[in-house]
Amino acid sequence: MKISRHISTMIRWRWCVLSIWLVGVVASAWVYVANFRIDNSVAIWFLEDDPELDSYRKHLAEFGEHEWTYVWLQAYSIYKPEFLRDLRGLCDQIESLEDVNRVTSLADAGGFRAGIGGIPIFQTFDSAELQEKLPGNPRFEGRIIPRDDERFTIVAVQNANKIDEIEPYRIQLVDAIREAVSSYPSVLDFGIAGTTIINSELNRAAKRDMFIYYTLITAFVVIGGGLTLRRVRDVVVLCAVVLGSLLPVMGAISAFNLPFNLITVMLPTLLVTVSVSYLIHFIIEFHVFRRDHPDSPTALALTFRRLLRPGLWTTLSTAIGFSSLILSPVAPIQHVGVFATMGIVLAWLNTITVAPALLSVFWPSSSEVTQQPPEEKGSPLLGWLEQPHPALALILSAALLAGTLGLLRLDADTDYVKFFRPGSPVRSDYSQLGKLAMPGAYLTVTVHLSDDTRLADIHRHQAMQDFADSLKSLPGVLDVRSLDTWIGEITSQLGTNSSGKAGLLLGMFKTGLLGPRDLFLSEDGRRLQMFVMTGSLSTRDINQFRDNLMTLAVDYPEGWEISLTGTNVLWANMDAHVVRTQMLSVGITATALLILLPLAFRSLVLGLAGFVVSFVPVLCTLGLMGWLGLPVNIATCLLGGVVIGLAVDDTIYFLLRVREGARQGMSVDDAIRHATWSTGRAMIKTSLILTGGFLTMVASDFMPSVYFGIFFAFSILVALLADLIVLPFFLRMAPGTLVKRVAEKG
């Protein structure tokens, strides 16, 4: 038999092929290790020209690159002298940290009295005055102490907010704060809240996930590959193809100086599980042919000929699914699209080059005939699957369609606190603040004054006071802190009447008593910053607040401009990008497959059938998320186009085998049996490998990754059932000459 020119070339130059593979793997590993870094800073989630990111950078430039972190402390009593002494020492220690700007706490509590010229003078309270004057005082209750519980207090830390900083300064800051608090014996318990802690813990989760994913996926390839292929030599081939597909991609990411994050750190799991799909089919077919052709080059040539076409189509469909992510406005998702597509292509190239070279080395031509494992000679499962099951097919079809109805309930909503597992320190700390009705987050409202508005004007001050009162009445708002609420508290304490407020305002500005300019006021004095204190907010909450804010805009003085900003707002704005990513991915992949599948099967009818059988299970998965109330977020938005591109692989293998059987003169029933027995085993094994690979993500601390792994695995299993039960049912229901007409076209 004439050997395929490609296979003969791979065998003749196999040592050259393997040498190139080895050099590529080693060089990629070196680049990867040398340049590896993890970064979940704010800026990495946005493209450089993103207007929202640019606006936030300008805001920070005006008011200072700072954000607030809240440390709650528990003691026997916060008014005991030993605790107050420790609190003073703790605040001084935290304030001395490199990335801390200022610290405010119970130790700084005090009041104002009128000085010379009526200018207020601030004096701190002593320990006796604290317990007397703080409870019930709106200046302190709900801000630094809770209502009716003297065991707790809040320390507010204004620290650096370097949104473009790659170095893990937030982790170092959080660790330093924890170490400092732990050193004071009067503190019984404590917790930390704010975007600083969320960002630092996301970085920790990414690092932990990296080690978990790498360990589990390595074990999965070795153990799962061994159980699937049953031959050590074949497992070595599997590992070689995986390494040749994965390491160049990881090296390329490092070579482009791109950091890894909670999304791109999932790439090894994605690539390892996806890259073995075509290879499993290749190795299984190779050993099937070796039963009749002990000559390995001949067996490899026959395998290559049989699988070249489905391999090309499945590689193309999977690559389309991943490449649909390239148009995402979220930078890490875009990177996943680019580099996962690169990995898919590399996996196919490794399968048709490195795999034949290694198989020819490990399985040289001899009189040895590959023995089929006993359980595969007469598989009861395949025997059951080859039979018609109309009732089960209809039940599965109805269940899939019912599942898709959940799409009507699917929504995008992100709560970064809930990104961590229940019981984790972050969720526990926020839960404690919620019980105390104390703020753990804030939104920043910026007011740009008109050119003719004077800052030290009583009417401007009163308008801002009224605005702050309106904000306080909104759902979820615990407090509002601004230049004018602070001035209002001072004048109220001094008993200043309305007629005297204008002079007092002017005097306070002249003497610099309005506090640091980067706290409430921009350098030019034209923009005011207001902190709207809240508990943990989801995207839905923030969007609701934004709508309410715009409603209040009707009553703004003419010429004033109001905007909402902050790290939380920037994260919330990503949900619109996430929805766009999901829609683009599904739309692009679906459109491409509607064109691709009819070409692959040379039949519009079979193409549409294959598309529906692959598309509906994915819609069912997304619908299931809707039924369960799980929203689309930064990780689960990868579902959709990617899963469609993967789910259609088995459909392509199955329908091409049905078509092959029909070309050999088989009836529809016989062609379905031929497809079930010839490719069903490989379909089941590859689906189980994909399922097991993605289920390794349930070990993540990052809940979106957990859900992504679970629903991805569910989609693959549902698609497998649709291919082996639902698709044969509809083929049998089609006109009897349909498959034969399709075969004749080939």
# chains A, B, ... in the order shown; residues from 1 in each chain; ligands from 1
>>> residues_around(residues="Ala206 of chain A", least_positions_apart="3", cutoff="8 Å", atoms="only C-alpha atoms", output="ChimeraX atom specification")
/A:38,202-203,209-210,261-262,265,702
>>> write_last_selection(atoms="C-alpha atoms", output="CSV table (one decimal), in the first residue's frame")
chain,number,residue,atom,x,y,z
A,38,ILE,CA,0.8,37.5,38.1
A,202,LEU,CA,-7.6,37.9,43.9
A,203,ASN,CA,-3.8,37.9,43.3
A,209,ASP,CA,-5.0,28.4,41.3
A,210,MET,CA,-1.9,28.3,39.2
A,261,ASN,CA,-4.3,36.9,35.9
A,262,LEU,CA,-7.4,35.0,37.2
A,265,VAL,CA,-4.1,31.4,34.5
A,702,PHE,CA,-12.2,31.9,42.6
>>> residues_around(residues="Lys472 of chain A", least_positions_apart="2", cutoff="12 Å", atoms="only C-alpha atoms", output="list in words")
Gln465, Asp466, Phe467, Ala468, Asp469, Ser470, Leu474, Pro475, Gly476, Val477, Leu478, Asp479, Val480, Arg481, Ser482, Thr485, Met530, Phe531, Val532, Met533, Thr534, Phe545, Asn548 and Leu549 of chain A
>>> write_last_selection(atoms="C-alpha atoms", output="CSV table (one decimal), in the first residue's frame")
chain,number,residue,atom,x,y,z
A,465,GLN,CA,-25.7,69.7,51.6
A,466,ASP,CA,-29.2,69.0,50.2
A,467,PHE,CA,-27.6,66.8,47.5
A,468,ALA,CA,-25.8,64.8,50.2
A,469,ASP,CA,-29.1,64.4,52.1
A,470,SER,CA,-30.7,63.1,49.0
A,474,LEU,CA,-31.0,56.1,48.5
A,475,PRO,CA,-31.2,52.3,49.1
A,476,GLY,CA,-28.0,50.8,50.3
A,477,VAL,CA,-26.4,54.1,51.3
A,478,LEU,CA,-25.1,54.1,54.8
A,479,ASP,CA,-23.4,57.6,54.9
A,480,VAL,CA,-22.2,60.4,52.7
A,481,ARG,CA,-18.9,62.2,53.4
A,482,SER,CA,-17.9,65.3,51.6
A,485,THR,CA,-21.1,67.4,55.2
A,530,MET,CA,-18.1,62.9,47.7
A,531,PHE,CA,-17.7,59.5,49.3
A,532,VAL,CA,-21.0,57.5,49.3
A,533,MET,CA,-20.4,54.8,52.0
A,534,THR,CA,-22.1,51.5,51.4
A,545,PHE,CA,-27.5,53.8,42.3
A,548,ASN,CA,-31.0,57.1,41.0
A,549,LEU,CA,-28.1,59.6,40.8
>>> select_by_dssp(residues="segment 156-384 of chain A", states="strand (DSSP E)", output="VMD selection string")
chain A and resid 156 to 160 189 to 193
>>> write_last_selection(atoms="N, CA and C atoms", output="PDB file, in the first residue's frame")
ATOM      1  N   ALA A 156     -10.054  53.520  59.482  1.00  0.00           N
ATOM      2  CA  ALA A 156     -10.074  53.832  58.050  1.00  0.00           C
ATOM      3  C   ALA A 156      -8.658  54.176  57.600  1.00  0.00           C
ATOM      4  N   VAL A 157      -8.191  53.449  56.601  1.00  0.00           N
ATOM      5  CA  VAL A 157      -6.821  53.620  56.102  1.00  0.00           C
ATOM      6  C   VAL A 157      -6.887  54.144  54.674  1.00  0.00           C
ATOM      7  N   GLN A 158      -6.328  55.343  54.466  1.00  0.00           N
ATOM      8  CA  GLN A 158      -6.228  55.842  53.098  1.00  0.00           C
ATOM      9  C   GLN A 158      -4.867  55.427  52.550  1.00  0.00           C
ATOM     10  N   ASN A 159      -4.902  54.528  51.555  1.00  0.00           N
ATOM     11  CA  ASN A 159      -3.661  53.971  51.029  1.00  0.00           C
ATOM     12  C   ASN A 159      -3.560  54.186  49.530  1.00  0.00           C
ATOM     13  N   ALA A 160      -2.410  53.840  48.979  1.00  0.00           N
ATOM     14  CA  ALA A 160      -2.136  54.058  47.559  1.00  0.00           C
ATOM     15  C   ALA A 160      -3.090  53.251  46.680  1.00  0.00           C
ATOM     16  N   ASP A 189     -10.297  40.218  67.714  1.00  0.00           N
ATOM     17  CA  ASP A 189     -10.535  39.751  66.349  1.00  0.00           C
ATOM     18  C   ASP A 189     -10.499  40.963  65.433  1.00  0.00           C
ATOM     19  N   PHE A 190     -10.283  40.716  64.154  1.00  0.00           N
ATOM     20  CA  PHE A 190     -10.258  41.830  63.208  1.00  0.00           C
ATOM     21  C   PHE A 190     -10.517  41.311  61.802  1.00  0.00           C
ATOM     22  N   GLY A 191     -10.800  42.234  60.898  1.00  0.00           N
ATOM     23  CA  GLY A 191     -10.998  41.911  59.490  1.00  0.00           C
ATOM     24  C   GLY A 191     -10.717  43.129  58.650  1.00  0.00           C
ATOM     25  N   ILE A 192     -10.580  42.917  57.344  1.00  0.00           N
ATOM     26  CA  ILE A 192     -10.236  44.004  56.433  1.00  0.00           C
ATOM     27  C   ILE A 192     -11.223  44.003  55.275  1.00  0.00           C
ATOM     28  N   ALA A 193     -11.661  45.176  54.853  1.00  0.00           N
ATOM     29  CA  ALA A 193     -12.590  45.308  53.727  1.00  0.00           C
ATOM     30  C   ALA A 193     -12.125  46.440  52.827  1.00  0.00           C
TER      31      ALA A 193
END
>>> residues_around(residues="Gly321 of chain A", least_positions_apart="2", cutoff="12 Å", atoms="only C-alpha atoms", output="JSON, numbers by chain")
{"A": [274, 314, 315, 316, 317, 318, 319, 323, 324, 325, 326, 327, 336, 337, 338, 340, 341, 344, 582, 584, 585, 586, 587, 588, 589, 590, 591, 592, 593, 615, 638, 639, 640, 641, 642, 643, 644, 645, 646, 647, 648, 649]}
>>> residues_around(residues="segment 217-233 of chain A", least_positions_apart="4", cutoff="7 Å", atoms="only C-alpha atoms", output="ChimeraX atom specification")
/A:213,237,269,362,685,693
>>> atom_distance(atom1="atom CA of Val100 of chain A", atom2="atom CA of Leu130 of chain A")
25.8 Å
>>> atom_distance(atom1="atom CA of Ser360 of chain A", atom2="atom CA of Thr679 of chain A")
22.8 Å
